[in-house]
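File shown: target08.cif (mmCIF, C-alpha atoms and all ligand atoms).
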data_start
loop_
_atom_site.label_atom_id
_atom_site.label_comp_id
_atom_site.auth_asym_id
_atom_site.auth_seq_id
_atom_site.Cartn_x
_atom_site.Cartn_y
_atom_site.Cartn_z
CA MET A 1 -57.83 -20.56 -49.39
CA ALA A 2 -58.20 -24.12 -50.62
CA LYS A 3 -56.14 -25.47 -53.52
CA GLY A 4 -57.96 -26.47 -56.71
CA LYS A 5 -61.26 -24.69 -55.98
CA VAL A 6 -62.62 -22.18 -58.45
CA LEU A 7 -65.73 -19.98 -58.29
CA ILE A 8 -67.12 -18.95 -61.69
CA ILE A 9 -69.56 -16.02 -61.65
CA GLY A 10 -71.94 -15.58 -64.63
CA ALA A 11 -73.96 -18.35 -66.27
CA GLY A 12 -74.27 -16.81 -69.74
CA GLY A 13 -72.77 -17.86 -73.07
CA VAL A 14 -69.17 -17.42 -71.92
CA GLY A 15 -69.76 -18.77 -68.40
CA SER A 16 -71.15 -21.98 -69.84
CA VAL A 17 -67.97 -22.58 -71.88
CA VAL A 18 -65.71 -21.75 -68.91
CA VAL A 19 -67.50 -24.32 -66.76
CA HIS A 20 -67.41 -27.01 -69.47
CA LYS A 21 -63.69 -26.43 -70.07
CA CYS A 22 -62.76 -26.32 -66.35
CA ALA A 23 -64.69 -29.54 -65.85
CA GLN A 24 -62.46 -31.17 -68.51
CA VAL A 25 -59.34 -30.52 -66.36
CA PRO A 26 -60.12 -32.10 -62.97
CA GLU A 27 -56.44 -32.28 -62.00
CA VAL A 28 -56.38 -28.45 -61.81
CA PHE A 29 -60.01 -27.58 -61.12
CA LYS A 30 -60.79 -30.10 -58.40
CA GLU A 31 -63.96 -28.38 -57.20
CA ILE A 32 -66.05 -25.95 -59.20
CA MET A 33 -68.90 -23.67 -58.19
CA LEU A 34 -70.97 -21.76 -60.77
CA ALA A 35 -72.92 -18.81 -59.37
CA SER A 36 -75.09 -16.29 -61.20
CA ARG A 37 -78.09 -14.01 -60.77
CA THR A 38 -80.43 -16.77 -62.00
CA LYS A 39 -79.59 -20.09 -60.31
CA SER A 40 -81.72 -22.14 -62.76
CA LYS A 41 -79.27 -21.15 -65.54
CA CYS A 42 -76.40 -22.54 -63.44
CA ASP A 43 -78.31 -25.77 -62.79
CA LYS A 44 -79.08 -26.20 -66.50
CA ILE A 45 -75.36 -25.91 -67.37
CA ALA A 46 -74.39 -28.19 -64.45
CA ALA A 47 -76.74 -30.89 -65.80
CA GLU A 48 -74.80 -30.96 -69.12
CA LEU A 49 -71.47 -31.75 -67.44
CA PRO A 50 -69.79 -35.13 -67.03
CA ARG A 51 -68.93 -34.37 -63.37
CA LYS A 52 -70.69 -32.81 -60.42
CA ILE A 53 -70.28 -29.12 -59.63
CA GLU A 54 -71.92 -26.81 -57.10
CA THR A 55 -74.26 -23.99 -58.11
CA ALA A 56 -75.50 -20.90 -56.28
CA GLN A 57 -77.50 -17.72 -56.66
CA VAL A 58 -75.64 -14.43 -56.21
CA ASP A 59 -76.16 -10.78 -57.00
CA ALA A 60 -72.68 -9.74 -58.09
CA ASP A 61 -73.53 -6.05 -57.69
CA ASN A 62 -73.75 -6.70 -53.96
CA VAL A 63 -70.35 -6.99 -52.21
CA PRO A 64 -71.59 -8.47 -48.88
CA GLU A 65 -73.50 -11.17 -50.80
CA LEU A 66 -70.38 -11.99 -52.81
CA VAL A 67 -68.21 -12.04 -49.69
CA ALA A 68 -70.60 -14.44 -47.94
CA LEU A 69 -70.58 -16.80 -50.94
CA ILE A 70 -66.79 -16.69 -51.34
CA LYS A 71 -66.28 -17.36 -47.61
CA LYS A 72 -68.68 -20.29 -47.76
CA PHE A 73 -67.12 -21.97 -50.83
CA ASP A 74 -63.51 -20.87 -50.04
CA PRO A 75 -62.07 -20.83 -53.59
CA GLU A 76 -58.53 -20.05 -54.65
CA LEU A 77 -59.71 -17.93 -57.58
CA VAL A 78 -62.85 -16.17 -58.83
CA ILE A 79 -63.42 -16.14 -62.60
CA ASN A 80 -65.70 -13.23 -63.42
CA VAL A 81 -67.72 -13.89 -66.58
CA ALA A 82 -70.77 -11.88 -65.53
CA LEU A 83 -70.93 -8.43 -67.14
CA PRO A 84 -68.32 -5.64 -67.11
CA TYR A 85 -70.60 -3.69 -64.70
CA GLN A 86 -69.72 -6.21 -61.96
CA ASP A 87 -65.90 -6.07 -62.27
CA LEU A 88 -65.30 -3.69 -59.36
CA THR A 89 -67.71 -5.27 -56.90
CA ILE A 90 -66.21 -8.71 -57.58
CA MET A 91 -62.67 -7.30 -57.20
CA ASP A 92 -63.72 -5.71 -53.88
CA ALA A 93 -65.10 -9.05 -52.66
CA CYS A 94 -61.88 -10.85 -53.69
CA LEU A 95 -59.81 -8.32 -51.73
CA GLU A 96 -61.99 -8.74 -48.68
CA THR A 97 -61.76 -12.53 -48.75
CA GLY A 98 -58.13 -12.90 -49.95
CA VAL A 99 -58.88 -14.63 -53.27
CA HIS A 100 -57.28 -14.16 -56.73
CA TYR A 101 -59.35 -12.58 -59.53
CA LEU A 102 -59.64 -13.02 -63.32
CA ASP A 103 -62.04 -11.50 -65.89
CA THR A 104 -62.53 -11.17 -69.66
CA ALA A 105 -63.73 -7.59 -70.10
CA ASN A 106 -62.84 -4.28 -68.48
CA TYR A 107 -65.13 -2.36 -66.17
CA GLU A 108 -67.82 -0.16 -67.68
CA PRO A 109 -70.09 2.12 -65.71
CA LYS A 110 -73.70 1.35 -66.56
CA ASP A 111 -74.66 4.95 -67.36
CA VAL A 112 -71.74 5.83 -69.71
CA ALA A 113 -70.64 3.67 -72.66
CA LYS A 114 -66.99 4.16 -71.76
CA PHE A 115 -64.67 1.23 -71.41
CA GLU A 116 -61.08 1.55 -70.29
CA TYR A 117 -58.74 0.01 -67.72
CA SER A 118 -58.27 3.05 -65.44
CA TRP A 119 -60.84 1.93 -62.86
CA GLN A 120 -59.30 -1.51 -62.50
CA TRP A 121 -55.68 -0.35 -62.67
CA ALA A 122 -56.56 1.81 -59.66
CA TYR A 123 -56.74 -1.48 -57.67
CA GLN A 124 -53.01 -2.13 -58.23
CA ASP A 125 -51.85 -1.21 -54.71
CA LYS A 126 -54.77 -2.92 -52.97
CA PHE A 127 -54.04 -6.26 -54.68
CA LYS A 128 -50.29 -5.84 -54.01
CA GLU A 129 -50.86 -5.11 -50.32
CA LYS A 130 -52.96 -8.27 -49.97
CA GLY A 131 -50.45 -10.39 -51.93
CA LEU A 132 -53.16 -11.23 -54.49
CA MET A 133 -53.17 -11.47 -58.27
CA ALA A 134 -55.81 -9.95 -60.57
CA VAL A 135 -55.55 -10.87 -64.25
CA LEU A 136 -57.58 -8.61 -66.54
CA GLY A 137 -59.04 -9.46 -69.93
CA SER A 138 -58.40 -13.20 -70.29
CA GLY A 139 -60.75 -13.72 -73.24
CA PHE A 140 -59.72 -13.75 -76.90
CA ASP A 141 -59.66 -10.05 -77.65
CA PRO A 142 -58.60 -8.80 -75.17
CA GLY A 143 -56.73 -11.85 -73.97
CA VAL A 144 -55.22 -14.19 -76.53
CA THR A 145 -54.42 -11.24 -78.83
CA ASN A 146 -52.30 -9.70 -76.01
CA VAL A 147 -50.56 -13.06 -75.49
CA PHE A 148 -49.99 -13.41 -79.28
CA THR A 149 -48.30 -9.99 -79.25
CA ALA A 150 -46.16 -10.87 -76.22
CA HIS A 151 -45.18 -14.15 -77.94
CA ALA A 152 -44.22 -12.27 -81.13
CA LEU A 153 -42.08 -9.82 -79.15
CA LYS A 154 -40.43 -12.57 -77.11
CA HIS A 155 -39.61 -14.89 -80.01
CA HIS A 156 -39.66 -13.03 -83.33
CA PHE A 157 -39.06 -9.29 -82.96
CA ASP A 158 -36.65 -6.89 -81.26
CA GLU A 159 -39.20 -4.09 -81.65
CA ILE A 160 -42.85 -4.13 -82.67
CA HIS A 161 -43.88 -0.96 -84.49
CA GLU A 162 -47.37 -1.66 -85.83
CA LEU A 163 -50.11 -3.93 -84.55
CA ASP A 164 -53.46 -4.60 -86.22
CA ILE A 165 -55.78 -6.89 -84.27
CA ILE A 166 -58.28 -8.30 -86.77
CA ASP A 167 -61.39 -10.09 -85.56
CA CYS A 168 -63.45 -11.89 -88.18
CA ASN A 169 -66.64 -13.77 -87.51
CA ALA A 170 -67.56 -15.45 -90.79
CA GLY A 171 -70.32 -17.44 -89.10
CA ASP A 172 -73.98 -17.26 -90.08
CA HIS A 173 -76.90 -17.98 -87.70
CA GLY A 174 -79.61 -17.35 -90.31
CA LEU A 175 -81.48 -14.88 -88.07
CA PRO A 176 -82.28 -11.32 -89.23
CA PHE A 177 -80.30 -9.70 -86.39
CA ALA A 178 -78.54 -11.10 -83.33
CA THR A 179 -75.34 -10.34 -81.44
CA ASN A 180 -72.77 -13.02 -80.61
CA PHE A 181 -72.33 -11.98 -77.02
CA ASN A 182 -74.37 -9.92 -74.58
CA PRO A 183 -76.38 -7.56 -76.88
CA GLU A 184 -76.22 -4.59 -74.53
CA ILE A 185 -72.43 -4.73 -74.09
CA ASN A 186 -71.90 -5.54 -77.79
CA ILE A 187 -74.03 -2.65 -79.13
CA ARG A 188 -72.56 -0.15 -76.63
CA GLU A 189 -69.11 -1.11 -77.94
CA ILE A 190 -69.96 -0.96 -81.64
CA THR A 191 -71.84 2.34 -81.53
CA SER A 192 -69.01 4.09 -79.63
CA LYS A 193 -66.48 6.27 -81.43
CA GLY A 194 -63.50 4.46 -82.99
CA ARG A 195 -60.05 5.21 -81.65
CA TYR A 196 -56.53 4.02 -82.45
CA TRP A 197 -53.03 4.76 -81.24
CA GLU A 198 -50.54 6.43 -83.57
CA ARG A 199 -47.22 8.20 -82.92
CA GLY A 200 -47.84 8.67 -79.23
CA GLU A 201 -51.43 9.83 -79.30
CA TRP A 202 -55.02 8.65 -79.73
CA VAL A 203 -56.74 9.36 -83.04
CA GLU A 204 -60.54 9.36 -82.85
CA THR A 205 -62.93 8.37 -85.68
CA ASP A 206 -66.72 8.35 -86.00
CA PRO A 207 -68.30 4.97 -85.14
CA LEU A 208 -67.45 2.42 -87.87
CA ALA A 209 -66.33 5.23 -90.20
CA TRP A 210 -63.12 3.49 -91.33
CA SER A 211 -62.99 0.14 -93.05
CA MET A 212 -60.61 -2.10 -94.96
CA THR A 213 -60.98 -5.43 -96.74
CA TYR A 214 -58.81 -8.25 -95.43
CA ASP A 215 -58.34 -11.61 -97.13
CA PHE A 216 -58.73 -14.18 -94.33
CA PRO A 217 -57.10 -17.65 -94.45
CA ASP A 218 -58.64 -21.12 -94.32
CA GLY A 219 -61.25 -20.57 -97.04
CA ILE A 220 -62.88 -17.58 -95.34
CA GLY A 221 -61.71 -15.13 -98.04
CA PRO A 222 -62.01 -11.34 -98.23
CA LYS A 223 -64.23 -9.58 -95.67
CA LYS A 224 -64.83 -5.94 -94.81
CA CYS A 225 -63.48 -4.97 -91.37
CA TYR A 226 -64.29 -1.82 -89.43
CA LEU A 227 -61.99 0.14 -87.15
CA MET A 228 -63.17 0.22 -83.53
CA TYR A 229 -61.76 1.14 -80.17
CA HIS A 230 -60.88 -1.88 -78.02
CA GLU A 231 -59.40 -1.90 -74.56
CA GLU A 232 -56.26 -3.90 -75.40
CA LEU A 233 -55.05 -0.90 -77.43
CA GLU A 234 -54.28 0.74 -74.09
CA SER A 235 -51.32 -1.64 -73.76
CA LYS A 236 -49.12 0.77 -75.71
CA GLY A 237 -45.41 1.22 -76.48
CA LEU A 238 -46.10 0.88 -80.23
CA LYS A 239 -46.02 3.38 -83.07
CA ARG A 240 -49.47 2.29 -84.24
CA ALA A 241 -52.12 -0.04 -82.78
CA ARG A 242 -55.54 -0.58 -84.31
CA PHE A 243 -58.46 -2.97 -83.82
CA TRP A 244 -60.70 -4.16 -86.66
CA MET A 245 -63.85 -6.27 -86.65
CA THR A 246 -65.91 -7.69 -89.52
CA PHE A 247 -69.64 -6.95 -89.80
CA SER A 248 -72.04 -7.97 -92.56
CA ASP A 249 -73.96 -5.27 -94.46
CA ASN A 250 -77.15 -6.81 -93.05
CA TYR A 251 -75.91 -6.37 -89.46
CA LEU A 252 -74.86 -2.78 -90.09
CA ASN A 253 -78.17 -1.89 -91.80
CA HIS A 254 -80.13 -3.17 -88.79
CA LEU A 255 -77.85 -1.28 -86.42
CA LYS A 256 -78.22 1.94 -88.45
CA VAL A 257 -82.02 1.76 -88.34
CA LEU A 258 -82.07 0.85 -84.63
CA GLY A 259 -79.67 3.74 -83.88
CA GLY A 260 -81.66 6.11 -86.08
CA ILE A 261 -84.88 5.52 -84.15
CA GLY A 262 -83.16 5.73 -80.75
CA MET A 263 -83.30 2.05 -79.81
CA THR A 264 -79.59 1.90 -78.97
CA ARG A 265 -79.75 4.79 -76.47
CA ILE A 266 -78.54 3.94 -72.96
CA ASP A 267 -80.11 6.94 -71.20
CA PRO A 268 -83.49 6.03 -69.68
CA ILE A 269 -86.72 7.42 -71.15
CA ASN A 270 -90.04 7.61 -69.34
CA TYR A 271 -92.60 5.15 -70.76
CA LYS A 272 -96.03 4.99 -69.09
CA GLY A 273 -94.51 6.15 -65.81
CA GLN A 274 -91.61 3.73 -65.95
CA GLU A 275 -87.94 4.51 -66.64
CA ILE A 276 -86.63 2.34 -69.48
CA ALA A 277 -83.24 2.47 -71.23
CA PRO A 278 -84.07 1.64 -74.90
CA LEU A 279 -80.96 -0.55 -75.31
CA GLU A 280 -81.93 -2.65 -72.27
CA PHE A 281 -85.39 -3.12 -73.80
CA LEU A 282 -83.82 -4.05 -77.15
CA LYS A 283 -81.65 -6.63 -75.36
CA ALA A 284 -84.82 -8.26 -74.03
CA LEU A 285 -86.15 -8.57 -77.61
CA LEU A 286 -83.00 -9.91 -79.27
CA PRO A 287 -82.03 -13.59 -79.28
CA ASP A 288 -80.01 -14.75 -76.28
CA PRO A 289 -76.47 -15.26 -77.67
CA ALA A 290 -76.36 -18.62 -75.85
CA SER A 291 -79.28 -19.75 -78.10
CA LEU A 292 -77.22 -19.21 -81.30
CA GLY A 293 -75.11 -22.32 -80.68
CA PRO A 294 -77.16 -24.84 -82.65
CA LEU A 295 -77.87 -22.32 -85.44
CA THR A 296 -74.45 -20.92 -86.28
CA LYS A 297 -72.34 -22.32 -89.11
CA GLY A 298 -68.95 -21.14 -90.35
CA LYS A 299 -65.69 -20.03 -88.77
CA THR A 300 -64.07 -17.25 -86.83
CA CYS A 301 -60.54 -16.02 -87.51
CA ILE A 302 -59.01 -13.73 -84.89
CA GLY A 303 -55.40 -12.71 -85.03
CA CYS A 304 -52.67 -10.10 -84.98
CA LEU A 305 -50.90 -8.60 -87.96
CA ILE A 306 -47.58 -7.28 -86.73
CA LYS A 307 -44.80 -5.18 -88.29
CA GLY A 308 -41.47 -4.61 -86.62
CA ILE A 309 -37.75 -5.23 -86.65
CA LYS A 310 -35.55 -8.25 -85.94
CA ASP A 311 -31.75 -7.96 -86.19
CA GLY A 312 -32.14 -4.67 -88.03
CA VAL A 313 -34.43 -6.17 -90.71
CA GLU A 314 -38.10 -5.20 -91.16
CA LYS A 315 -40.52 -8.12 -90.72
CA LYS A 316 -44.26 -8.61 -91.21
CA TYR A 317 -45.93 -11.43 -89.28
CA TYR A 318 -49.46 -12.79 -88.87
CA ILE A 319 -50.60 -15.03 -86.02
CA TYR A 320 -54.18 -16.26 -85.78
CA ASN A 321 -56.65 -18.90 -84.66
CA ILE A 322 -59.44 -20.43 -86.71
CA CYS A 323 -62.44 -21.70 -84.78
CA ASP A 324 -65.43 -23.55 -86.24
CA HIS A 325 -68.86 -22.70 -84.77
CA GLN A 326 -70.29 -26.20 -85.27
CA GLU A 327 -67.25 -27.95 -83.81
CA CYS A 328 -67.60 -25.78 -80.68
CA TYR A 329 -71.26 -26.66 -80.42
CA LYS A 330 -70.47 -30.36 -80.67
CA GLU A 331 -67.95 -30.08 -77.84
CA VAL A 332 -69.56 -27.68 -75.35
CA LYS A 333 -72.98 -26.68 -76.77
CA SER A 334 -71.88 -23.10 -77.57
CA GLN A 335 -71.03 -21.05 -80.64
CA ALA A 336 -67.45 -19.98 -81.36
CA ILE A 337 -67.64 -16.45 -79.89
CA SER A 338 -68.45 -17.80 -76.43
CA TYR A 339 -65.92 -20.61 -76.99
CA THR A 340 -63.05 -18.34 -78.04
CA THR A 341 -63.69 -16.24 -74.89
CA GLY A 342 -64.34 -19.09 -72.43
CA VAL A 343 -61.33 -21.24 -73.32
CA PRO A 344 -58.76 -18.46 -72.63
CA ALA A 345 -60.56 -17.65 -69.36
CA MET A 346 -60.10 -21.29 -68.31
CA ILE A 347 -56.43 -21.28 -69.44
CA GLY A 348 -55.73 -18.00 -67.59
CA ALA A 349 -57.27 -19.54 -64.47
CA MET A 350 -55.14 -22.64 -64.97
CA MET A 351 -52.00 -20.45 -65.22
CA ILE A 352 -52.78 -18.90 -61.83
CA MET A 353 -53.86 -22.10 -60.12
CA THR A 354 -50.82 -24.07 -61.27
CA GLY A 355 -48.44 -21.21 -60.36
CA LYS A 356 -47.28 -20.75 -63.99
CA TRP A 357 -48.38 -17.16 -63.60
CA SER A 358 -47.87 -15.51 -60.26
CA GLY A 359 -47.46 -12.01 -58.92
CA GLU A 360 -49.01 -9.43 -56.67
CA GLY A 361 -51.14 -6.68 -58.15
CA VAL A 362 -53.25 -6.12 -61.26
CA PHE A 363 -51.91 -7.55 -64.54
CA ASN A 364 -52.80 -7.30 -68.21
CA MET A 365 -52.14 -10.44 -70.20
CA GLU A 366 -49.11 -9.20 -72.17
CA GLN A 367 -47.20 -8.62 -68.91
CA LEU A 368 -47.16 -12.37 -68.18
CA ASN A 369 -45.04 -15.15 -69.72
CA PRO A 370 -46.78 -16.09 -73.00
CA ASP A 371 -45.13 -19.53 -73.40
CA PRO A 372 -47.18 -21.77 -71.06
CA PHE A 373 -50.42 -20.07 -72.18
CA MET A 374 -49.59 -20.53 -75.89
CA GLU A 375 -48.88 -24.22 -75.25
CA LYS A 376 -52.26 -24.71 -73.55
CA LEU A 377 -54.14 -22.96 -76.40
CA ASN A 378 -53.00 -25.75 -78.72
CA ILE A 379 -54.09 -28.43 -76.26
CA HIS A 380 -57.46 -27.01 -75.19
CA GLY A 381 -59.16 -26.21 -78.49
CA LEU A 382 -57.70 -22.94 -79.84
CA PRO A 383 -54.66 -23.93 -81.93
CA TRP A 384 -52.75 -21.05 -83.48
CA VAL A 385 -50.89 -20.59 -86.75
CA GLU A 386 -48.05 -18.14 -87.40
CA LYS A 387 -46.77 -16.91 -90.76
CA PHE A 388 -44.07 -14.52 -91.94
CA LEU A 389 -45.48 -12.46 -94.79
P1 LIG B 401 -74.34 -13.10 -71.07
O1 LIG B 401 -75.24 -11.92 -71.01
O2 LIG B 401 -74.68 -14.26 -71.93
O3 LIG B 401 -74.07 -13.65 -69.59
C1 LIG B 401 -73.83 -12.83 -68.50
C2 LIG B 401 -74.23 -13.62 -67.26
O4 LIG B 401 -73.93 -12.81 -66.12
C3 LIG B 401 -75.71 -13.95 -67.20
O5 LIG B 401 -75.87 -15.29 -66.82
C4 LIG B 401 -76.25 -13.00 -66.13
O6 LIG B 401 -77.28 -13.53 -65.34
C5 LIG B 401 -75.03 -12.85 -65.23
N1 LIG B 401 -75.14 -11.60 -64.51
C6 LIG B 401 -75.39 -10.36 -64.98
N2 LIG B 401 -75.48 -9.48 -63.97
C7 LIG B 401 -75.27 -10.19 -62.84
C8 LIG B 401 -75.26 -9.86 -61.46
N3 LIG B 401 -75.46 -8.61 -61.03
N4 LIG B 401 -75.03 -10.85 -60.57
C9 LIG B 401 -74.84 -12.13 -60.95
N5 LIG B 401 -74.84 -12.50 -62.25
C10 LIG B 401 -75.07 -11.54 -63.17
O7 LIG B 401 -72.89 -12.50 -71.49
P2 LIG B 401 -71.71 -13.30 -72.19
O8 LIG B 401 -71.57 -14.63 -71.55
O9 LIG B 401 -71.87 -13.17 -73.65
O10 LIG B 401 -70.46 -12.38 -71.77
C11 LIG B 401 -69.84 -12.51 -70.50
C12 LIG B 401 -68.65 -11.58 -70.40
O11 LIG B 401 -67.67 -11.92 -71.39
C13 LIG B 401 -68.99 -10.10 -70.64
O12 LIG B 401 -68.30 -9.32 -69.71
C14 LIG B 401 -68.45 -9.84 -72.02
O13 LIG B 401 -68.10 -8.48 -72.22
C15 LIG B 401 -67.22 -10.72 -72.03
N6 LIG B 401 -66.71 -11.06 -73.37
C16 LIG B 401 -65.36 -10.97 -73.58
C17 LIG B 401 -64.82 -11.26 -74.83
C18 LIG B 401 -63.34 -11.27 -75.03
O14 LIG B 401 -62.87 -11.80 -76.05
N7 LIG B 401 -62.52 -10.76 -74.13
C19 LIG B 401 -65.69 -11.64 -75.97
C20 LIG B 401 -67.08 -11.82 -75.60
C21 LIG B 401 -67.56 -11.51 -74.34
P3 LIG B 401 -78.83 -13.55 -65.86
O15 LIG B 401 -78.82 -14.50 -66.98
O16 LIG B 401 -79.59 -14.00 -64.71
O17 LIG B 401 -79.11 -12.14 -66.31
#
Re-express the file's structure as structure tokens.
Ligand code: NDP
Amino acid sequence: MAKGKVLIIGAGGVGSVVVHKCAQVPEVFKEIMLASRTKSKCDKIAAELPRKIETAQVDADNVPELVALIKKFDPELVINVALPYQDLTIMDACLETGVHYLDTANYEPKDVAKFEYSWQWAYQDKFKEKGLMAVLGSGFDPGVTNVFTAHALKHHFDEIHELDIIDCNAGDHGLPFATNFNPEINIREITSKGRYWERGEWVETDPLAWSMTYDFPDGIGPKKCYLMYHEELESKGLKRARFWMTFSDNYLNHLKVLGGIGMTRIDPINYKGQEIAPLEFLKALLPDPASLGPLTKGKTCIGCLIKGIKDGVEKKYYIYNICDHQECYKEVKSQAISYTTGVPAMIGAMMIMTGKWSGEGVFNMEQLNPDPFMEKLNIHGLPWVEKFL
């Protein structure tokens, strides 16, 4: 295992940001390889960078292919920003080659829209036995929101009782309908049942059945947010944990019609002798999220609203980041959703490669020391603000 070498897998919207941001920190990421299913996408990103990186073609569903590539490049860490379907194969390849692992989204089987950590937590002993570290969910949500919560618990609360993670995208790309990250993964998530944690058990809701209006800071103003299930809610120990995301009426109307006519189904149908999953076909029609960069204007605001107790007194606290779509595009040619995911992936990788985070086994972000990560957020483009309410 060579020091300072990182292999990034996945040359999509998020992968592009991860590569740009790693390239900005040559003292940590001395050598970078970007590999993906389509090598030309890697080469296009490589051509935008101020320094030289290596690129390669790989099918990340194929463990022997991954193992061969990892052995050839000999990295210290693999950053997985392909799709959640590839999490387990990439973890298997890391185990076989003795390399640390980091991702931004938990494993999902292709044929069931079910996302949870159980499959990856099952790798705990294997990573421990090999003396390797796997860090799960180092994006914004999951990712930074877990670190925000760990920071709040470490510095401001004795106990946290209620957590609301609120994700607002107040950006506008001017297109009739587009998703901000991979359309297939995004629509699977949004059309799933909602779920939140309360008094020791899960409470289930119909998809997007619950909403609230939240008044966001920094000129964004009031927006309607919908309750959804999100994997970071599995990091429990709280009386109540919920996840909310804003959607425009236009977005929801399109989704309702698409769902109503069966276009969001993930089970294959037979069309002219060929098996096609309608959602995969829809993905092929929708704009590539990476193409939204030059079009999107406005800001995102993602943060945690926390209630708990310090020194016997009840406290309410809000910690958040504001990110401007156009500023992100100026810096790395991507919109803010890819940016807010790619920057934390780079910082998580930096934590492992500089030894700030170490350990053997599989870790969620809130289990690790929040302080060095919080410091790097301010330096690398995602400054945070905290307020007592
Ligand atoms: P994209 O669809 O834009 O990019 C995915 C990339 O992975 C594509 O380049 C694709 O290649 C490549 N890929 C897919 N399958 C394979 C394979 N079998 N082998 C090799 N490469 C493959 O997705 P995004 O960049 O928007 O999202 C990336 C990840 O980030 C997803 O897992 C997503 O869930 C996660 N995410 C996490 C967030 C967070 O805050 N935690 C927020 C947003 C996203 P090709 O182009 O050739 O198909």
- Can you list, as a VMD selection string, every protein, DNA or RNA residue that comes within 10 Å of A:Glu76 when you count all atoms listed in the file, leaving out same-chain residues fewer than 4 positions away? chain A and resid 1 to 7 70 94 98 to 101 349 352 to 353
- Item | Among the residues A:Trp121, A:Trp197, A:Tyr318, A:Phe140, the one that comes closest to ligand LIG 401 (chain B) [using all atoms listed in the file] |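 The shortest atom-to-atom distance to ligand LIG 401 (chain B) comes from A:Phe140.
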- With only C-alpha atoms and all ligand atoms counted, collect every polymer residue having an atom within 6 Å of ligand LIG 401 (chain B); state the result as number ranges by chain. A: 10-15, 36-38, 58-61, 81-84, 104-105, 137, 139-143, 181-182, 341
- Considering only C-alpha atoms, return as number ranges by chain whatever protein or nucleic-acid residues lie within 10 Å of A:Ser138, sequence-local ones (same chain, fewer than 5 positions apart) excluded. A: 79, 102-105, 143-147, 341-349, 364-365
- Query: Which residues come within 12 Å of A:Gln335, counting only C-alpha atoms, excluding same-chain residues fewer than 2 positions away, as a ChimeraX atom specification?
  - Reply: /A:13-14,16-17,169,171-173,179-181,288-300,323-333,337-342
May I ask you to restore N, CA and C atoms in stretch 147-160 of chain A and write the result as a short mmCIF file (atom, residue, chain, number, x, y, z; two decimals), in the frame of the given file?
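The resulting file, part15.cif, is shown below:
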data_model
loop_
_atom_site.label_atom_id
_atom_site.label_comp_id
_atom_site.auth_asym_id
_atom_site.auth_seq_id
_atom_site.Cartn_x
_atom_site.Cartn_y
_atom_site.Cartn_z
N VAL A 147 -51.56 -11.99 -75.65
CA VAL A 147 -50.56 -13.06 -75.49
C VAL A 147 -49.85 -13.30 -76.83
N PHE A 148 -50.61 -13.27 -77.95
CA PHE A 148 -49.99 -13.41 -79.28
C PHE A 148 -48.91 -12.33 -79.46
N THR A 149 -49.24 -11.10 -79.06
CA THR A 149 -48.30 -9.99 -79.25
C THR A 149 -47.07 -10.17 -78.36
N ALA A 150 -47.29 -10.62 -77.13
CA ALA A 150 -46.16 -10.87 -76.22
C ALA A 150 -45.28 -12.00 -76.76
N HIS A 151 -45.91 -13.02 -77.34
CA HIS A 151 -45.18 -14.15 -77.94
C HIS A 151 -44.33 -13.65 -79.11
N ALA A 152 -44.94 -12.80 -79.96
CA ALA A 152 -44.22 -12.27 -81.13
C ALA A 152 -43.00 -11.47 -80.67
N LEU A 153 -43.19 -10.65 -79.64
CA LEU A 153 -42.08 -9.82 -79.15
C LEU A 153 -40.99 -10.67 -78.51
N LYS A 154 -41.41 -11.72 -77.79
CA LYS A 154 -40.43 -12.57 -77.11
C LYS A 154 -39.62 -13.41 -78.10
N HIS A 155 -40.28 -13.90 -79.16
CA HIS A 155 -39.61 -14.89 -80.01
C HIS A 155 -39.22 -14.41 -81.41
N HIS A 156 -39.90 -13.36 -81.92
CA HIS A 156 -39.66 -13.03 -83.33
C HIS A 156 -39.24 -11.60 -83.63
N PHE A 157 -39.36 -10.70 -82.67
CA PHE A 157 -39.06 -9.29 -82.96
C PHE A 157 -38.17 -8.70 -81.87
N ASP A 158 -37.34 -7.72 -82.26
CA ASP A 158 -36.65 -6.89 -81.26
C ASP A 158 -37.54 -5.71 -80.89
N GLU A 159 -38.25 -5.20 -81.90
CA GLU A 159 -39.20 -4.09 -81.65
C GLU A 159 -40.44 -4.34 -82.48
N ILE A 160 -41.61 -4.09 -81.88
CA ILE A 160 -42.85 -4.13 -82.67
C ILE A 160 -43.26 -2.68 -82.93
#
